[in-house]
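What follows is the content of entry_14.cif (mmCIF, C-alpha atoms).
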```
data_upload
loop_
_atom_site.label_atom_id
_atom_site.label_comp_id
_atom_site.auth_asym_id
_atom_site.auth_seq_id
_atom_site.Cartn_x
_atom_site.Cartn_y
_atom_site.Cartn_z
CA MET A 1 -51.56 27.40 -1.19
CA SER A 2 -48.89 29.88 -2.09
CA LEU A 3 -45.39 30.84 -1.09
CA LEU A 4 -45.09 34.05 0.88
CA GLU A 5 -42.15 36.47 0.82
CA ILE A 6 -39.95 36.12 3.90
CA LEU A 7 -38.75 39.52 5.11
CA GLU A 8 -35.02 39.78 5.77
CA PHE A 9 -33.11 41.73 8.39
CA PRO A 10 -32.82 44.74 8.56
CA ASP A 11 -36.32 45.21 7.07
CA PRO A 12 -38.14 47.58 9.49
CA ARG A 13 -41.36 45.54 9.22
CA LEU A 14 -39.62 42.84 11.30
CA ARG A 15 -39.57 45.32 14.21
CA LYS A 16 -43.35 45.73 14.32
CA LYS A 17 -45.28 44.18 17.18
CA ALA A 18 -47.86 41.65 16.08
CA LEU A 19 -51.50 42.22 16.95
CA PRO A 20 -53.72 39.61 18.63
CA VAL A 21 -55.79 37.37 16.39
CA ASP A 22 -59.44 38.13 17.09
CA LYS A 23 -61.00 35.18 15.25
CA VAL A 24 -59.93 31.90 13.75
CA ASP A 25 -61.62 31.64 10.37
CA ASP A 26 -60.99 30.14 6.93
CA ALA A 27 -58.82 33.10 5.91
CA LEU A 28 -56.54 32.57 8.92
CA LYS A 29 -56.36 28.83 8.21
CA GLN A 30 -55.32 29.63 4.63
CA THR A 31 -52.62 31.93 6.01
CA ILE A 32 -51.43 29.08 8.25
CA ASP A 33 -51.29 26.70 5.27
CA ASP A 34 -49.36 29.28 3.22
CA MET A 35 -46.94 29.81 6.10
CA PHE A 36 -46.24 26.07 6.36
CA GLU A 37 -45.66 25.83 2.61
CA THR A 38 -43.30 28.83 2.80
CA MET A 39 -41.42 27.46 5.83
CA TYR A 40 -40.98 24.01 4.29
CA ALA A 41 -39.81 25.50 0.97
CA ALA A 42 -37.19 27.51 2.89
CA SER A 43 -36.12 24.45 4.96
CA GLY A 44 -37.07 26.16 8.21
CA ILE A 45 -38.40 24.75 11.47
CA GLY A 46 -40.33 27.81 12.63
CA LEU A 47 -41.98 30.89 11.17
CA ALA A 48 -43.79 33.84 12.73
CA ALA A 49 -46.48 35.67 10.76
CA ILE A 50 -44.59 38.96 11.13
CA GLN A 51 -41.75 37.41 9.07
CA VAL A 52 -44.10 37.22 6.09
CA SER A 53 -45.45 40.73 6.71
CA ILE A 54 -48.61 39.58 8.47
CA GLN A 55 -48.98 41.55 11.70
CA LYS A 56 -50.78 38.84 13.69
CA ARG A 57 -49.77 36.91 16.82
CA LEU A 58 -49.40 33.64 14.95
CA LEU A 59 -46.48 31.26 14.64
CA ILE A 60 -45.85 27.79 13.32
CA ILE A 61 -43.23 25.17 14.15
CA ASP A 62 -42.32 21.76 12.78
CA LEU A 63 -39.26 20.10 14.30
CA ALA A 64 -39.46 16.97 12.11
CA ASP A 65 -36.09 16.86 10.41
CA GLY A 66 -37.30 15.56 7.06
CA GLU A 67 -35.87 12.07 7.47
CA GLU A 68 -37.36 9.75 4.91
CA GLY A 69 -40.55 8.29 6.26
CA GLU A 70 -40.75 10.78 9.12
CA GLU A 71 -44.12 12.47 9.23
CA PRO A 72 -44.33 16.25 9.64
CA LYS A 73 -45.19 17.39 13.17
CA PRO A 74 -46.80 20.78 12.53
CA LEU A 75 -47.60 22.95 15.54
CA VAL A 76 -49.71 26.12 15.35
CA PHE A 77 -49.67 28.76 18.07
CA ILE A 78 -52.24 31.56 17.86
CA ASN A 79 -51.92 34.37 20.43
CA PRO A 80 -49.19 32.49 22.34
CA GLU A 81 -48.30 33.48 25.89
CA ILE A 82 -45.17 32.14 27.52
CA THR A 83 -44.22 31.46 31.14
CA VAL A 84 -40.69 30.47 32.12
CA LEU A 85 -40.69 27.20 34.10
CA ASP A 86 -36.92 26.76 34.36
CA PRO A 87 -34.77 29.87 33.89
CA THR A 88 -31.56 27.85 33.72
CA PRO A 89 -29.78 29.15 30.62
CA TYR A 90 -29.88 26.77 27.66
CA ARG A 91 -27.30 27.66 25.01
CA HIS A 92 -28.20 26.69 21.46
CA GLU A 93 -27.02 27.72 18.02
CA GLU A 94 -29.83 29.61 16.31
CA GLY A 95 -30.49 30.59 12.75
CA CYS A 96 -33.39 32.47 11.23
CA LEU A 97 -35.14 32.55 7.88
CA SER A 98 -35.09 36.35 8.18
CA VAL A 99 -31.32 36.36 8.75
CA PRO A 100 -30.29 33.84 6.09
CA GLY A 101 -26.91 32.19 6.30
CA TYR A 102 -26.06 33.28 9.85
CA PHE A 103 -25.97 31.07 12.92
CA GLU A 104 -24.97 32.17 16.42
CA PHE A 105 -25.25 30.79 19.94
CA VAL A 106 -27.99 32.33 22.08
CA GLU A 107 -28.93 31.58 25.69
CA ARG A 108 -32.61 31.24 26.55
CA PRO A 109 -34.53 29.71 29.46
CA GLN A 110 -34.39 25.93 29.36
CA LYS A 111 -38.08 25.16 29.94
CA VAL A 112 -41.23 27.17 29.23
CA LEU A 113 -44.98 26.78 29.33
CA VAL A 114 -46.90 28.06 26.31
CA ASN A 115 -50.62 28.83 26.32
CA ALA A 116 -52.16 29.43 22.89
CA LEU A 117 -54.94 28.57 20.50
CA ASN A 118 -54.46 25.81 17.93
CA ARG A 119 -55.43 25.85 14.22
CA GLU A 120 -59.06 25.24 15.16
CA GLY A 121 -59.14 28.07 17.71
CA GLU A 122 -59.09 25.71 20.71
CA ALA A 123 -57.04 26.66 23.77
CA PHE A 124 -54.12 24.41 24.69
CA GLU A 125 -50.93 24.50 26.71
CA ILE A 126 -47.64 22.77 26.17
CA GLU A 127 -44.48 22.46 28.23
CA ALA A 128 -41.49 22.93 26.00
CA GLU A 129 -37.83 22.28 26.65
CA GLY A 130 -34.71 21.88 24.56
CA LEU A 131 -35.05 22.72 20.88
CA LEU A 132 -38.83 23.22 21.07
CA ALA A 133 -38.39 25.76 23.90
CA VAL A 134 -35.72 27.58 21.90
CA CYS A 135 -37.88 27.65 18.80
CA VAL A 136 -41.02 28.85 20.58
CA GLN A 137 -39.10 31.64 22.35
CA HIS A 138 -37.37 32.63 19.09
CA GLU A 139 -40.69 32.88 17.22
CA ILE A 140 -42.46 34.72 20.06
CA ASP A 141 -39.59 37.21 20.01
CA HIS A 142 -40.50 37.87 16.36
CA LEU A 143 -44.07 38.64 17.41
CA ASN A 144 -42.63 41.24 19.78
CA GLY A 145 -40.39 42.84 17.13
CA LYS A 146 -37.19 41.18 18.35
CA LEU A 147 -34.67 39.12 16.37
CA PHE A 148 -32.08 36.62 17.56
CA VAL A 149 -29.34 39.03 16.43
CA ASP A 150 -30.52 41.37 19.22
CA TYR A 151 -28.90 38.93 21.67
CA LEU A 152 -25.52 39.39 19.99
CA SER A 153 -22.93 42.10 20.55
CA VAL A 154 -23.54 45.39 18.77
CA LEU A 155 -20.44 44.79 16.64
CA LYS A 156 -21.54 41.31 15.53
CA ARG A 157 -25.10 42.50 14.83
CA GLN A 158 -23.82 45.45 12.78
CA ARG A 159 -21.51 43.19 10.77
CA ILE A 160 -24.41 40.86 9.91
CA LYS A 161 -26.63 43.84 9.02
CA SER A 162 -23.96 45.32 6.73
CA LYS A 163 -23.36 42.02 4.93
CA LEU A 164 -27.08 41.43 4.37
CA GLU A 165 -27.62 45.01 3.16
CA LYS A 166 -24.77 44.54 0.68
CA GLU A 167 -26.31 41.26 -0.55
CA HIS A 168 -29.73 42.95 -0.93
CA LYS A 169 -28.18 45.74 -3.02
CA GLN A 170 -26.31 43.25 -5.21
CA ASN A 171 -29.46 41.19 -5.74
CA ALA A 172 -31.50 44.30 -6.56
CA SER A 173 -29.03 45.42 -9.22
CA ALA A 174 -28.70 41.95 -10.78
#
```
I need this file expressed as C-alpha cells, please.
Amino acid sequence: MSLLEILEFPDPRLRKKALPVDKVDDALKQTIDDMFETMYAASGIGLAAIQVSIQKRLLIIDLADGEEGEEPKPLVFINPEITVLDPTPYRHEEGCLSVPGYFEFVERPQKVLVNALNREGEAFEIEAEGLLAVCVQHEIDHLNGKLFVDYLSVLKRQRIKSKLEKEHKQNASA
C-alpha cells in the first residue's frame, strides 16, 4: 500500500467529473487500499478518488472515530447513485481533506438512499442519515466536481481560496 497525494483547493483537477468504473479488478482493489491508507493517515472520514487525482466514480468512508478498541468500519462505494428520501435540511459542520483547516456549516438532505457496488463489485443499497448521509453526499459531490465550499457565499469561498493559495506559495518556496 502507498500514500497518495491529496489535491487541495483550488486545484482544477478537483473540478473534473469522475468517470464510471467499468470493472472491479485487482488494480481497483489496490487503489481502494491505497485510498484507505491515505485517508487514515490524514485523519479523514471520507475520500473520493478524484481527490487523489483518480478520475473514477469511487469513494470510501469510515466513520469509526478511532476510539481505542473500536474497529474500523470501512465502506466502499463504486459508481454510487443517490436518491433523496427526506429533503428536510440537515445542518452539519463540514471539513474536507482537500480544503485543510477549514470547517463550515452546510445544509444537505437529512436522509438518502445510495445504490452502489462494494469492493467486490457486488451491488448493494444503504439508507443513510445523519453524519453518514452528510459524508456520502459530500463525497459524491466530489465525483461531480463540486466542493463543500461551493455551498458558501462567494466572499467566504474566495477568502478560503486566497488563504490556501498563499499557503501553497509559501510551502513551494520553503
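Closest approach to Gln30 in chain A among A:Lys73, A:His168, A:Arg119, A:Lys16 is made by A:Arg119 (distances from only C-alpha atoms).
The shortest atom-to-atom distance to Pro20 in chain A, with all atoms listed in the file taken into account, belongs to A:Gln55 out of A:Gln55, A:Asn171, A:Asn118, A:Thr88.
Shortest separation to Leu59 in chain A among A:Met35, A:Ala172, A:Val154, A:Leu132 occurs at residue A:Met35, atoms counted being only C-alpha atoms.
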Checklist entry - Around (-38.6, 26.5, 11.2) in the file's own coordinates, what residues are found within 12 Å if you use only C-alpha atoms, given back as number ranges by chain? => result A: 35-48, 51, 59-66, 72-76, 94-98, 131-132, 134-136, 138-139
Next on the checklist: Under the PyMOL selection byres ((chain A and resi 116) around 7), which residues of this model are included? Write them out as a ChimeraX atom specification.
Outcome noted: /A:77-81,114-115,117-118,123-125
Using C-alpha atoms, can you write the selected residues to a file as a PDB file, in the coordinates of the input?
```
ATOM      1  CA  PHE A  77     -49.670  28.760  18.070  1.00  0.00           C
ATOM      2  CA  ILE A  78     -52.240  31.560  17.860  1.00  0.00           C
ATOM      3  CA  ASN A  79     -51.920  34.370  20.430  1.00  0.00           C
ATOM      4  CA  PRO A  80     -49.190  32.490  22.340  1.00  0.00           C
ATOM      5  CA  GLU A  81     -48.300  33.480  25.890  1.00  0.00           C
ATOM      6  CA  VAL A 114     -46.900  28.060  26.310  1.00  0.00           C
ATOM      7  CA  ASN A 115     -50.620  28.830  26.320  1.00  0.00           C
ATOM      8  CA  LEU A 117     -54.940  28.570  20.500  1.00  0.00           C
ATOM      9  CA  ASN A 118     -54.460  25.810  17.930  1.00  0.00           C
ATOM     10  CA  ALA A 123     -57.040  26.660  23.770  1.00  0.00           C
ATOM     11  CA  PHE A 124     -54.120  24.410  24.690  1.00  0.00           C
ATOM     12  CA  GLU A 125     -50.930  24.500  26.710  1.00  0.00           C
TER      13      GLU A 125
END
```
Next on the checklist: Expand the PyMOL selection byres ((chain A and resi 108) around 6) into the explicit residue set it covers here, and present it as a list in words.
Outcome noted: Pro89, Tyr90, Glu107 and Pro109 of chain A
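For the set A:Glu93, A:Gly121, A:Arg159, A:Lys146, the residue with the smallest atom-to-atom gap to Lys29 in chain A is A:Gly121, counting all atoms listed in the file.
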For the file shown, report as a tab-separated table (two decimals) with C-alpha atoms, in the frame of the given file the outcome of the PyMOL selection byres ((chain A and resi 15) around 12) at residue level.
```
chain	number	residue	atom	x	y	z
A	7	LEU	CA	-38.75	39.52	5.11
A	8	GLU	CA	-35.02	39.78	5.77
A	9	PHE	CA	-33.11	41.73	8.39
A	10	PRO	CA	-32.82	44.74	8.56
A	11	ASP	CA	-36.32	45.21	7.07
A	12	PRO	CA	-38.14	47.58	9.49
A	13	ARG	CA	-41.36	45.54	9.22
A	14	LEU	CA	-39.62	42.84	11.30
A	16	LYS	CA	-43.35	45.73	14.32
A	17	LYS	CA	-45.28	44.18	17.18
A	18	ALA	CA	-47.86	41.65	16.08
A	50	ILE	CA	-44.59	38.96	11.13
A	51	GLN	CA	-41.75	37.41	9.07
A	53	SER	CA	-45.45	40.73	6.71
A	55	GLN	CA	-48.98	41.55	11.70
A	98	SER	CA	-35.09	36.35	8.18
A	141	ASP	CA	-39.59	37.21	20.01
A	142	HIS	CA	-40.50	37.87	16.36
A	143	LEU	CA	-44.07	38.64	17.41
A	144	ASN	CA	-42.63	41.24	19.78
A	145	GLY	CA	-40.39	42.84	17.13
A	146	LYS	CA	-37.19	41.18	18.35
A	147	LEU	CA	-34.67	39.12	16.37
A	148	PHE	CA	-32.08	36.62	17.56
A	150	ASP	CA	-30.52	41.37	19.22
```
